[in-house]
Every structure is written in C-alpha cells, then in structure tokens.
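Data block for final26.txt (compact mmCIF, C-alpha atoms and all ligand atoms):
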# COMPACT_ATOMS: atom_id res chain seq x y z
CA MET A 1 163.19 108.67 -7.70
CA LEU A 2 159.78 107.16 -8.00
CA ILE A 3 159.23 103.42 -7.83
CA VAL A 4 156.02 102.50 -9.63
CA MET A 5 154.70 99.13 -8.52
CA LYS A 6 152.81 96.75 -10.80
CA ALA A 7 149.03 96.82 -10.49
CA ASP A 8 149.11 93.35 -8.92
CA ALA A 9 152.07 93.97 -6.61
CA THR A 10 151.54 92.48 -3.17
CA GLU A 11 151.81 94.34 0.14
CA ARG A 12 154.93 92.31 0.87
CA GLU A 13 156.56 93.48 -2.38
CA VAL A 14 155.77 97.12 -1.53
CA ALA A 15 157.19 96.58 1.98
CA ASP A 16 160.40 95.15 0.50
CA VAL A 17 160.86 98.25 -1.67
CA VAL A 18 160.27 100.48 1.37
CA HIS A 19 162.81 98.45 3.34
CA ILE A 20 165.51 98.80 0.68
CA ILE A 21 164.97 102.56 0.49
CA GLN A 22 165.37 102.80 4.26
CA GLU A 23 168.49 100.62 4.16
CA LEU A 24 169.98 103.12 1.71
CA GLY A 25 169.39 105.80 4.37
CA PHE A 26 166.47 107.53 2.59
CA ARG A 27 162.82 108.07 3.40
CA ALA A 28 160.15 106.03 1.61
CA HIS A 29 156.67 107.38 0.94
CA PRO A 30 154.38 104.59 -0.29
CA VAL A 31 151.29 106.14 -1.86
CA PRO A 32 148.50 103.77 -2.88
CA GLY A 33 146.46 104.80 -5.93
CA GLU A 34 143.43 103.37 -7.66
CA GLN A 35 145.51 101.53 -10.27
CA ARG A 36 148.83 100.99 -8.52
CA THR A 37 151.02 101.97 -5.59
CA ALA A 38 153.99 104.26 -6.13
CA VAL A 39 156.81 104.70 -3.65
CA CYS A 40 158.54 108.07 -3.60
CA ILE A 41 162.08 108.45 -2.27
CA THR A 42 163.09 111.59 -0.38
CA GLY A 43 166.18 112.46 1.63
CA ASN A 44 168.64 111.58 -1.15
CA GLN A 45 171.07 114.32 -2.17
CA GLY A 46 172.18 112.97 -5.55
CA ALA A 47 170.54 110.59 -8.01
CA VAL A 48 169.56 107.13 -6.72
CA ASP A 49 170.69 104.19 -8.84
CA PRO A 50 167.56 102.62 -10.39
CA SER A 51 169.24 99.22 -10.51
CA HIS A 52 168.50 98.84 -6.78
CA PHE A 53 164.84 98.45 -7.68
CA GLU A 54 164.31 97.63 -11.35
CA ASN A 55 164.49 93.87 -11.00
CA LEU A 56 162.64 93.49 -7.73
CA PRO A 57 159.41 91.48 -7.79
CA GLY A 58 156.34 93.70 -8.11
CA VAL A 59 158.24 96.71 -9.48
CA ALA A 60 156.98 98.06 -12.83
CA GLU A 61 159.54 100.84 -13.22
CA ALA A 62 161.94 103.14 -11.40
CA ILE A 63 161.61 106.68 -12.72
CA ARG A 64 164.05 109.54 -12.17
CA VAL A 65 162.13 112.65 -11.07
CA SER A 66 163.13 115.65 -13.13
CA LYS A 67 160.66 118.11 -11.60
CA PRO A 68 161.59 120.16 -8.52
CA TYR A 69 158.85 118.47 -6.49
CA LYS A 70 158.10 114.81 -5.88
CA LEU A 71 155.19 114.22 -3.54
CA ILE A 72 152.62 116.66 -4.86
CA THR A 73 152.80 115.32 -8.40
CA LEU A 74 150.35 113.45 -10.55
CA ASP A 75 153.23 111.12 -11.47
CA LEU A 76 153.18 109.85 -7.91
CA LYS A 77 149.37 109.74 -7.68
CA PRO A 78 147.23 110.28 -10.79
CA GLU A 79 143.98 110.41 -8.79
CA LYS A 80 142.94 113.49 -6.86
CA THR A 81 143.57 113.44 -3.15
CA ILE A 82 140.46 113.57 -1.02
CA VAL A 83 141.24 115.02 2.38
CA ARG A 84 138.93 113.50 4.96
CA VAL A 85 138.08 115.37 8.12
CA GLY A 86 135.82 113.02 10.04
CA ASP A 87 132.78 112.58 7.80
CA ALA A 88 133.51 115.75 5.80
CA THR A 89 135.80 115.95 2.78
CA ILE A 90 137.81 118.43 0.76
CA GLY A 91 138.62 117.34 -2.77
CA GLY A 92 135.73 114.90 -3.06
CA GLU A 93 132.50 115.31 -5.00
CA GLU A 94 131.01 117.85 -2.61
CA LEU A 95 132.07 121.50 -2.84
CA ALA A 96 133.81 122.25 0.46
CA ILE A 97 132.65 125.43 2.13
CA ILE A 98 134.78 126.80 4.95
CA ALA A 99 133.14 129.88 6.42
CA GLY A 100 133.35 132.04 9.50
CA PRO A 101 134.78 135.26 10.83
CA CYS A 102 138.32 136.44 10.26
CA ALA A 103 138.92 136.39 14.00
CA ILE A 104 137.08 134.84 16.91
CA GLU A 105 136.08 137.90 18.92
CA SER A 106 133.62 136.54 21.47
CA ARG A 107 131.48 133.51 22.14
CA ALA A 108 128.35 135.39 21.05
CA GLN A 109 129.93 136.44 17.74
CA ALA A 110 131.31 132.97 16.98
CA PHE A 111 128.00 131.27 17.74
CA ALA A 112 125.93 133.78 15.74
CA VAL A 113 128.07 133.16 12.65
CA ALA A 114 128.37 129.41 13.22
CA GLU A 115 124.61 129.08 13.37
CA ALA A 116 124.30 130.56 9.86
CA VAL A 117 127.23 128.48 8.59
CA ARG A 118 125.60 125.31 9.87
CA ARG A 119 122.23 126.31 8.40
CA SER A 120 123.85 126.77 4.98
CA GLY A 121 124.94 123.13 5.01
CA ALA A 122 128.65 123.98 5.10
CA ARG A 123 130.81 121.46 6.96
CA PHE A 124 133.72 123.69 8.01
CA PHE A 125 133.97 126.71 10.31
CA ARG A 126 136.91 129.09 10.09
CA GLY A 127 138.07 131.66 12.63
CA GLY A 128 141.43 132.87 13.82
CA ALA A 129 142.46 132.71 17.46
CA PHE A 130 145.99 133.82 16.62
CA LYS A 131 145.94 136.63 14.07
CA PRO A 132 148.96 137.66 12.00
CA ARG A 133 148.31 141.43 11.87
CA THR A 134 150.37 143.94 9.93
CA SER A 135 150.29 146.32 12.88
CA PRO A 136 151.36 145.18 16.34
CA TYR A 137 148.68 147.53 17.72
CA ALA A 138 145.83 145.75 15.91
CA PHE A 139 143.71 143.02 17.55
CA GLN A 140 145.89 139.93 17.78
CA GLY A 141 143.19 137.36 18.52
CA LEU A 142 141.93 135.78 21.72
CA GLY A 143 144.61 133.07 21.76
CA GLU A 144 143.77 129.83 23.55
CA GLU A 145 140.49 131.34 24.76
CA GLY A 146 139.49 131.67 21.08
CA LEU A 147 140.37 128.04 20.46
CA LYS A 148 138.16 126.97 23.36
CA ILE A 149 135.27 128.87 21.79
CA LEU A 150 135.99 127.10 18.49
CA ALA A 151 135.96 123.73 20.23
CA ASP A 152 132.55 124.64 21.68
CA VAL A 153 131.31 125.61 18.19
CA ARG A 154 132.39 122.19 16.97
CA GLU A 155 130.55 120.55 19.83
CA ALA A 156 127.37 122.60 19.35
CA TYR A 157 127.10 122.52 15.54
CA GLY A 158 129.20 119.56 14.41
CA LEU A 159 131.27 121.86 12.21
CA LYS A 160 134.92 121.02 11.56
CA ILE A 161 137.27 123.73 12.78
CA VAL A 162 139.86 125.31 10.47
CA THR A 163 142.13 127.68 12.37
CA GLU A 164 145.54 129.22 11.95
CA ALA A 165 148.74 128.33 13.78
CA LEU A 166 151.38 131.04 13.74
CA ASP A 167 154.14 128.98 15.31
CA GLU A 168 154.99 125.49 16.52
CA HIS A 169 153.28 125.99 19.88
CA GLY A 170 150.23 127.12 17.92
CA VAL A 171 150.23 123.77 16.11
CA ASP A 172 150.19 121.97 19.48
CA LEU A 173 147.14 124.02 20.45
CA VAL A 174 145.30 123.57 17.16
CA GLU A 175 145.88 119.82 17.54
CA ARG A 176 144.13 120.03 20.90
CA TYR A 177 141.11 122.12 19.83
CA GLY A 178 140.79 122.08 16.02
CA ASP A 179 140.43 119.83 12.98
CA VAL A 180 142.50 121.49 10.22
CA ILE A 181 145.68 123.54 10.72
CA GLN A 182 145.70 126.70 8.64
CA LEU A 183 149.16 127.97 7.71
CA GLY A 184 148.88 131.57 6.60
CA ALA A 185 150.30 133.45 3.66
CA ARG A 186 152.92 135.10 5.85
CA ASN A 187 154.17 131.72 7.02
CA MET A 188 154.19 129.86 3.73
CA GLN A 189 157.97 129.68 3.81
CA ASN A 190 158.41 129.26 7.55
CA PHE A 191 160.14 125.95 7.03
CA THR A 192 160.32 124.82 10.65
CA LEU A 193 156.58 125.46 10.96
CA LEU A 194 155.88 123.57 7.73
CA LYS A 195 157.87 120.60 9.04
CA ARG A 196 156.08 120.70 12.39
CA ALA A 197 152.73 120.64 10.57
CA GLY A 198 154.11 117.77 8.51
CA ARG A 199 154.42 115.74 11.70
CA SER A 200 150.82 116.45 12.71
CA HIS A 201 147.93 114.02 12.38
CA LEU A 202 145.70 116.92 11.27
CA PRO A 203 145.26 118.06 7.66
CA VAL A 204 146.93 121.33 6.71
CA LEU A 205 145.39 124.17 4.72
CA LEU A 206 148.38 125.90 3.14
CA LYS A 207 147.77 129.43 1.93
CA ARG A 208 149.78 130.79 -0.94
CA GLY A 209 152.45 133.27 0.15
CA LEU A 210 152.00 137.01 -0.36
CA SER A 211 154.12 136.94 -3.52
CA ALA A 212 154.80 133.24 -3.97
CA THR A 213 155.24 131.63 -7.35
CA LEU A 214 153.46 128.37 -8.07
CA ASP A 215 156.72 126.45 -7.58
CA GLU A 216 157.42 128.08 -4.21
CA TRP A 217 153.90 127.25 -3.03
CA LEU A 218 154.10 123.64 -4.20
CA LEU A 219 157.55 123.22 -2.64
CA ALA A 220 156.11 124.49 0.65
CA ALA A 221 153.54 121.68 0.38
CA GLU A 222 156.45 119.28 -0.22
CA TYR A 223 157.96 120.33 3.12
CA ILE A 224 154.77 119.23 4.88
CA MET A 225 154.38 116.02 2.91
CA GLY A 226 158.06 115.15 3.22
CA GLU A 227 157.46 114.67 6.95
CA GLY A 228 154.70 112.17 6.25
CA ASN A 229 151.53 114.32 6.34
CA TYR A 230 149.93 113.91 2.92
CA ASN A 231 146.70 115.70 3.81
CA VAL A 232 147.48 119.10 2.40
CA ILE A 233 144.91 121.49 0.95
CA LEU A 234 146.27 124.36 -1.15
CA CYS A 235 144.57 127.74 -0.82
CA GLU A 236 144.80 130.50 -3.41
CA ARG A 237 144.28 133.79 -1.55
CA GLY A 238 145.66 136.35 -3.94
CA VAL A 239 149.11 137.83 -4.39
CA ARG A 240 150.50 141.35 -4.21
CA THR A 241 150.50 143.18 -7.54
CA PHE A 242 150.40 146.79 -8.77
CA ALA A 243 146.58 146.74 -8.67
CA GLN A 244 145.05 149.20 -6.23
CA HIS A 245 141.38 148.37 -6.69
CA THR A 246 141.80 145.14 -4.72
CA ARG A 247 143.66 144.16 -1.55
CA ASN A 248 145.37 141.35 -3.48
CA THR A 249 145.03 140.00 -7.00
CA LEU A 250 143.19 136.70 -6.81
CA ASP A 251 145.02 134.44 -9.23
CA LEU A 252 142.28 132.09 -10.38
CA ALA A 253 144.55 130.66 -13.07
CA ALA A 254 146.36 129.03 -10.16
CA VAL A 255 143.51 126.52 -9.87
CA PRO A 256 143.97 124.86 -13.28
CA ALA A 257 147.75 125.37 -12.95
CA VAL A 258 147.79 123.36 -9.72
CA ARG A 259 145.42 120.80 -11.20
CA ARG A 260 147.77 120.15 -14.11
CA LEU A 261 150.64 119.28 -11.80
CA SER A 262 149.22 118.04 -8.55
CA HIS A 263 146.76 115.64 -7.00
CA LEU A 264 146.23 117.97 -4.02
CA PRO A 265 142.88 119.71 -3.54
CA VAL A 266 142.81 123.48 -4.03
CA VAL A 267 140.41 125.98 -2.49
CA VAL A 268 139.92 129.67 -3.21
CA ASP A 269 139.76 132.53 -0.70
CA PRO A 270 137.82 135.38 -2.33
CA SER A 271 137.85 137.37 0.93
CA HIS A 272 141.59 138.03 1.29
CA GLY A 273 141.83 137.76 -2.49
CA THR A 274 139.81 140.97 -2.93
CA GLY A 275 139.50 142.73 0.42
CA HIS A 276 136.12 144.21 -0.49
CA ASN A 277 132.69 142.95 0.44
CA TYR A 278 131.19 143.70 -2.98
CA MET A 279 133.87 141.68 -4.79
CA VAL A 280 133.67 138.54 -2.68
CA ALA A 281 130.59 136.96 -4.29
CA PRO A 282 131.67 137.49 -7.94
CA LEU A 283 135.15 136.10 -7.28
CA ALA A 284 133.77 133.22 -5.21
CA ARG A 285 131.48 132.27 -8.10
CA ALA A 286 134.39 132.55 -10.52
CA GLY A 287 136.61 130.46 -8.24
CA VAL A 288 134.12 127.62 -8.21
CA ALA A 289 133.78 127.92 -11.98
CA THR A 290 137.52 127.31 -12.37
CA GLY A 291 137.05 123.92 -10.75
CA ALA A 292 138.22 124.71 -7.22
CA ASP A 293 137.43 122.09 -4.60
CA GLY A 294 136.07 124.64 -2.19
CA LEU A 295 135.95 128.16 -0.83
CA ILE A 296 137.11 129.76 2.39
CA ILE A 297 134.97 132.80 3.09
CA GLU A 298 134.91 135.42 5.84
CA VAL A 299 131.47 136.05 7.33
CA HIS A 300 130.47 138.28 10.26
CA ASP A 301 127.18 138.91 12.03
CA GLN A 302 128.10 142.62 12.34
CA PRO A 303 130.80 143.39 9.75
CA GLU A 304 130.87 147.08 10.64
CA LYS A 305 131.99 146.16 14.16
CA ALA A 306 134.52 143.46 13.17
CA LEU A 307 137.89 143.64 14.94
CA SER A 308 139.68 142.50 11.78
CA ASP A 309 138.95 142.42 8.06
CA GLY A 310 135.43 143.88 8.40
CA ALA A 311 135.60 145.44 4.93
CA GLN A 312 135.71 142.03 3.27
CA ALA A 313 133.30 140.19 5.56
CA LEU A 314 129.98 139.05 4.13
CA THR A 315 126.82 139.56 6.16
CA LEU A 316 124.98 136.39 7.12
CA GLU A 317 122.35 137.06 4.43
CA GLN A 318 124.95 137.68 1.70
CA TYR A 319 126.74 134.51 2.73
CA GLU A 320 123.60 132.36 2.59
CA ARG A 321 122.72 133.63 -0.88
CA LEU A 322 126.27 133.02 -2.10
CA VAL A 323 126.27 129.41 -0.91
CA THR A 324 123.17 128.69 -3.00
CA GLU A 325 124.79 130.26 -6.06
CA VAL A 326 128.13 128.51 -5.80
CA ARG A 327 126.49 125.14 -5.21
CA ALA A 328 124.54 125.63 -8.45
CA ILE A 329 127.74 126.50 -10.34
CA HIS A 330 129.51 123.51 -8.87
CA GLU A 331 126.66 121.25 -10.04
CA VAL A 332 127.11 122.49 -13.59
CA ILE A 333 130.85 122.03 -13.83
CA ALA A 334 131.37 118.96 -11.63
CA PRO A 335 132.39 115.93 -13.67
CA ALA A 336 129.52 113.52 -14.19
CA PRO A 337 129.75 110.52 -11.83
CA VAL A 338 131.41 107.53 -13.42
CA GLY A 339 129.23 104.52 -14.28
C1 LIG B 401 143.10 134.54 7.36
O1 LIG B 401 142.64 133.60 6.70
O2 LIG B 401 142.48 135.09 8.28
C2 LIG B 401 144.43 135.09 6.98
C3 LIG B 401 145.15 135.80 7.83
O3 LIG B 401 144.75 134.80 5.71
P1 LIG B 401 146.12 135.01 4.88
O4 LIG B 401 147.16 134.23 5.60
O5 LIG B 401 145.77 134.48 3.54
O6 LIG B 401 146.39 136.49 4.87
MN MN B 402 141.11 137.79 7.57

Please go through the file and, once you have read it, give me the structure as structure tokens.
Amino acid sequence: MLIVMKADATEREVADVVHIIQELGFRAHPVPGEQRTAVCITGNQGAVDPSHFENLPGVAEAIRVSKPYKLITLDLKPEKTIVRVGDATIGGEELAIIAGPCAIESRAQAFAVAEAVRRSGARFFRGGAFKPRTSPYAFQGLGEEGLKILADVREAYGLKIVTEALDEHGVDLVERYGDVIQLGARNMQNFTLLKRAGRSHLPVLLKRGLSATLDEWLLAAEYIMGEGNYNVILCERGVRTFAQHTRNTLDLAAVPAVRRLSHLPVVVDPSHGTGHNYMVAPLARAGVATGADGLIIEVHDQPEKALSDGAQALTLEQYERLVTEVRAIHEVIAPAPVG
C-alpha cells in the first residue's frame, strides 16, 4: 500500500501516518517528492486495509500496489532520484562517468589510470579489490590492500571510489575505504548481501544479473531499499545470449524500460557489456544516447598487461577521446533546463 499525502500535509501528519504503520507491525518508508510526500508500506503479507489511513488529516489517498515492486516505482516518487556522493551526483544533470581498471593491481597502475580519469573531469573512480573470477586460479584482487590504494586515490585526486563487495565482510570494508558499494552481476540475487547493503549509509551500484529479467533486477533493488537505503543506482552490463561476437549482449532497451517504471538512476557498462576494446566506444555512445545517467568504463594504462579483463580495457587515450564524445551526446539529448 502507498499512502499519498496532500501537497500541503504537515510533517506532523506524515509522522502520524508513519506511526500508525509501525503500530500495525509494518515498515514505513516516507519518501518526500517535489509535489508531495508518499509513504510506502512494506513488511505486510496480505493486503492492508485502506480505511486505517483514508480519513487521516493530510492523507490524499491510500492506493493498493498491484505491481510486484513498491519502492522503485514512479508511483511512489515521480521525480528522478539523484544519488549524491559528496559533491558528485548520479542521476542529476551531469553525465556521471565512473572509470578505472577492472582490478586494482598496484599503486602505480591505480595512480596512472586515476590521473587520466581526473584529467577527463570524471568524478568517480572504479577498481575491484575483490574480484569475482570465473576461474579460482585467476587473479582474485589485492583485497584490503587494494582498498587502501583506492582510499589513497581518493585522497590524491578527490575522486569518489566505486568498488565491489563480494560478501557482507566486503561491505564492512568498502564502508571503511570507499564511497559507493558495487554489487556485481553474480551477486544480484544474493539476498543476504542485498539486505546488508540496504543497511549501509553508502549508495549501492547494483549490476544486472548474468541472465536477470527486468523484474528480477528491480526486485533486487527493492531488497536494498526495503532495508532503508534508497540510494541505489542500476547498472546495465549485458546479459548472456546466444551471441558469440560479444562477451554479453548489452541490453540498451533496459534504459528506457527502467525509466518507464522507476525513479532510480541507471548507468551503462559497455566494457562488460561487450568484452572487446573496439566495441566499447560505440556502445558507450549508444548508451548515453538512450538517456542513461552515466557510464562505468574499464580503463588501463597497459591493457596488454592487465591481470583481468584486458581485452575490454580502453587505453588512456581512447578513454579521454570517448569522454569528449559522450559529453557531446549527452548535451544534445539532455532535457532543456526548466525555466
Ligand atoms: C566489474 O565491474 O569488474 C565486474 C566484475 O562486473 P560484473 O559484475 O558486471 O561482471
Ligand atoms: Mn572487469
């Protein structure tokens, strides 16, 4: 159930609605919007009787939710969510660029890439310290040592750190050293991990699962939000199909599909989405053209020596050129400022 408050409802009236929901044994999620506040109810097994709320002061209407999700929806919040990470944003007017190597390999490598990322004007640096590798014999990441290097990159360049947590302990560590928790494709339905991230104060970048439907992906976001963390960024990174010319099939239709249902920002990963260096720029440009809020791109100072995902890494020069192009595309398609 969704309780939509009147535009002029007072804070006290919203608090009363929240209190009644809690008295019924459910969880209340008050979400302020530009026009009005809506309060979403979770934790109820069956339908909630609207008569508890309909006649309360400040309540405009109590709506039964017929969709499988509640918190990600435009019904709850018609305006787009802007995720704020310090002074940087994802989902705002600026195209968010998250760039860096697949894995943090050494201090020298991380700093060489971060220098170019900073120079490009991007606000976010990516890099895995814990790598989910298909083979147990492949490089698994530097672990906490990698996170310390990332924290130093943040200090040196003022970039916000986006890095993956593979498990609940990993979330504790990312909270200590990073700015945004990345939950990877392989963990999209790791429900205990989703709930742990939902109790974090850090935003979560939620990658689409290897073969996840739109509903499964959005319901994974609901797990995070249901715990009270509303700062979720969705990331389309391609899904497994019969295609053999790409590592994954980047589903750019997911961007408008998400947009139609959800207020959450959505970013595109053309690196894992294609797996090939020569495909990254075209798909990145296309991703921005679909209206994505940002890109997450793998960049390496020496791709041929990369310890993971070298084949899809952009060189520093390719990356810098791409940033100029995607910014120009974003300028063209961004909605004109109001007023
Ligand atoms: C990554 O971003 O390095 C990564 C492992 O991505 P995904 O979870 O999408 O495979
Ligand atoms: Mn990678």

Which residues form the shell of 9 Å around ligand LIG 401 (chain B) when you count all atoms listed in the file, given as a PDB file with C-alpha atoms, in the frame of the given file?
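part.pdb written:
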ATOM      1  CA  PRO A 101     134.780 135.260  10.830  1.00  0.00           C
ATOM      2  CA  CYS A 102     138.320 136.440  10.260  1.00  0.00           C
ATOM      3  CA  ALA A 103     138.920 136.390  14.000  1.00  0.00           C
ATOM      4  CA  ARG A 126     136.910 129.090  10.090  1.00  0.00           C
ATOM      5  CA  GLY A 127     138.070 131.660  12.630  1.00  0.00           C
ATOM      6  CA  GLY A 128     141.430 132.870  13.820  1.00  0.00           C
ATOM      7  CA  LYS A 131     145.940 136.630  14.070  1.00  0.00           C
ATOM      8  CA  PRO A 132     148.960 137.660  12.000  1.00  0.00           C
ATOM      9  CA  ARG A 133     148.310 141.430  11.870  1.00  0.00           C
ATOM     10  CA  THR A 163     142.130 127.680  12.370  1.00  0.00           C
ATOM     11  CA  GLU A 164     145.540 129.220  11.950  1.00  0.00           C
ATOM     12  CA  GLN A 182     145.700 126.700   8.640  1.00  0.00           C
ATOM     13  CA  LEU A 183     149.160 127.970   7.710  1.00  0.00           C
ATOM     14  CA  GLY A 184     148.880 131.570   6.600  1.00  0.00           C
ATOM     15  CA  ALA A 185     150.300 133.450   3.660  1.00  0.00           C
ATOM     16  CA  ARG A 186     152.920 135.100   5.850  1.00  0.00           C
ATOM     17  CA  ASN A 187     154.170 131.720   7.020  1.00  0.00           C
ATOM     18  CA  MET A 188     154.190 129.860   3.730  1.00  0.00           C
ATOM     19  CA  LEU A 206     148.380 125.900   3.140  1.00  0.00           C
ATOM     20  CA  LYS A 207     147.770 129.430   1.930  1.00  0.00           C
ATOM     21  CA  ARG A 208     149.780 130.790  -0.940  1.00  0.00           C
ATOM     22  CA  GLY A 209     152.450 133.270   0.150  1.00  0.00           C
ATOM     23  CA  LEU A 210     152.000 137.010  -0.360  1.00  0.00           C
ATOM     24  CA  CYS A 235     144.570 127.740  -0.820  1.00  0.00           C
ATOM     25  CA  GLU A 236     144.800 130.500  -3.410  1.00  0.00           C
ATOM     26  CA  ARG A 237     144.280 133.790  -1.550  1.00  0.00           C
ATOM     27  CA  GLY A 238     145.660 136.350  -3.940  1.00  0.00           C
ATOM     28  CA  ASP A 269     139.760 132.530  -0.700  1.00  0.00           C
ATOM     29  CA  SER A 271     137.850 137.370   0.930  1.00  0.00           C
ATOM     30  CA  HIS A 272     141.590 138.030   1.290  1.00  0.00           C
ATOM     31  CA  GLY A 273     141.830 137.760  -2.490  1.00  0.00           C
ATOM     32  CA  ILE A 296     137.110 129.760   2.390  1.00  0.00           C
ATOM     33  CA  ILE A 297     134.970 132.800   3.090  1.00  0.00           C
ATOM     34  CA  GLU A 298     134.910 135.420   5.840  1.00  0.00           C
ATOM     35  CA  SER A 308     139.680 142.500  11.780  1.00  0.00           C
ATOM     36  CA  ASP A 309     138.950 142.420   8.060  1.00  0.00           C
TER      37      ASP A 309
END

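For region 326-332 of chain A, the non-local neighbours within 8 Å, defined as residues at least 3 positions apart in the same chain or in other chains and counting all atoms listed in the file, are Leu95, Ala284, Arg285, Val288, Ala289, Gly291, Leu322 and Val323 of chain A.
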
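Using only C-alpha atoms and all ligand atoms, the nearest neighbour of ligand MN 402 (chain B) within the list A:Pro30, A:Gly158, A:Gly310, A:Gly226 is A:Gly310.
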
Who sits within 8 Å of region 43-58 of chain A, all atoms listed in the file, same chain under 4 positions skipped, as a ChimeraX atom specification:
/A:1,3,5-6,8-10,13-14,17,25-27,62-64

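Among the candidates A:Ala313, A:Leu159, A:Leu194, A:Ile224, the one nearest to ligand MN 402 (chain B) when counting only C-alpha atoms and all ligand atoms is A:Ala313.
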
What would region 169-184 of chain A look like with N, CA, C and O atoms restored, written as an mmCIF file, in the coordinates of the input?
data_model
loop_
_atom_site.group_PDB
_atom_site.id
_atom_site.type_symbol
_atom_site.label_atom_id
_atom_site.label_comp_id
_atom_site.auth_asym_id
_atom_site.auth_seq_id
_atom_site.Cartn_x
_atom_site.Cartn_y
_atom_site.Cartn_z
ATOM 1 N N HIS A 169 154.160 126.132 18.715
ATOM 2 C CA HIS A 169 153.280 125.990 19.880
ATOM 3 C C HIS A 169 151.813 126.101 19.442
ATOM 4 O O HIS A 169 150.939 125.395 19.947
ATOM 5 N N GLY A 170 151.583 126.978 18.465
ATOM 6 C CA GLY A 170 150.230 127.120 17.920
ATOM 7 C C GLY A 170 149.730 125.818 17.309
ATOM 8 O O GLY A 170 148.549 125.477 17.423
ATOM 9 N N VAL A 171 150.635 125.071 16.683
ATOM 10 C CA VAL A 171 150.230 123.770 16.110
ATOM 11 C C VAL A 171 149.811 122.821 17.238
ATOM 12 O O VAL A 171 148.786 122.141 17.142
ATOM 13 N N ASP A 172 150.578 122.815 18.338
ATOM 14 C CA ASP A 172 150.190 121.970 19.480
ATOM 15 C C ASP A 172 148.761 122.300 19.916
ATOM 16 O O ASP A 172 147.951 121.408 20.173
ATOM 17 N N LEU A 173 148.467 123.603 19.972
ATOM 18 C CA LEU A 173 147.140 124.020 20.450
ATOM 19 C C LEU A 173 146.037 123.687 19.453
ATOM 20 O O LEU A 173 144.962 123.233 19.831
ATOM 21 N N VAL A 174 146.320 123.900 18.162
ATOM 22 C CA VAL A 174 145.300 123.570 17.160
ATOM 23 C C VAL A 174 145.033 122.053 17.187
ATOM 24 O O VAL A 174 143.895 121.604 17.029
ATOM 25 N N GLU A 175 146.081 121.279 17.431
ATOM 26 C CA GLU A 175 145.880 119.820 17.540
ATOM 27 C C GLU A 175 144.936 119.494 18.693
ATOM 28 O O GLU A 175 144.177 118.539 18.637
ATOM 29 N N ARG A 176 144.990 120.305 19.744
ATOM 30 C CA ARG A 176 144.130 120.030 20.900
ATOM 31 C C ARG A 176 142.679 120.438 20.635
ATOM 32 O O ARG A 176 141.759 119.766 21.057
ATOM 33 N N TYR A 177 142.475 121.564 19.917
ATOM 34 C CA TYR A 177 141.110 122.120 19.830
ATOM 35 C C TYR A 177 140.501 122.072 18.420
ATOM 36 O O TYR A 177 139.302 122.267 18.289
ATOM 37 N N GLY A 178 141.303 121.905 17.375
ATOM 38 C CA GLY A 178 140.790 122.080 16.020
ATOM 39 C C GLY A 178 140.813 120.820 15.180
ATOM 40 O O GLY A 178 141.126 119.723 15.674
ATOM 41 N N ASP A 179 140.479 120.973 13.905
ATOM 42 C CA ASP A 179 140.430 119.830 12.980
ATOM 43 C C ASP A 179 141.372 119.985 11.792
ATOM 44 O O ASP A 179 141.816 118.992 11.214
ATOM 45 N N VAL A 180 141.604 121.228 11.358
ATOM 46 C CA VAL A 180 142.500 121.490 10.220
ATOM 47 C C VAL A 180 143.417 122.649 10.617
ATOM 48 O O VAL A 180 142.934 123.677 11.111
ATOM 49 N N ILE A 181 144.721 122.478 10.404
ATOM 50 C CA ILE A 181 145.680 123.540 10.720
ATOM 51 C C ILE A 181 145.800 124.460 9.513
ATOM 52 O O ILE A 181 146.160 124.008 8.425
ATOM 53 N N GLN A 182 145.482 125.731 9.713
ATOM 54 C CA GLN A 182 145.700 126.700 8.640
ATOM 55 C C GLN A 182 147.099 127.292 8.799
ATOM 56 O O GLN A 182 147.461 127.744 9.879
ATOM 57 N N LEU A 183 147.878 127.261 7.716
ATOM 58 C CA LEU A 183 149.160 127.970 7.710
ATOM 59 C C LEU A 183 148.986 129.161 6.783
ATOM 60 O O LEU A 183 148.606 129.015 5.617
ATOM 61 N N GLY A 184 149.223 130.347 7.307
ATOM 62 C CA GLY A 184 148.880 131.570 6.600
ATOM 63 C C GLY A 184 149.897 131.987 5.562
ATOM 64 O O GLY A 184 151.028 131.475 5.508
#
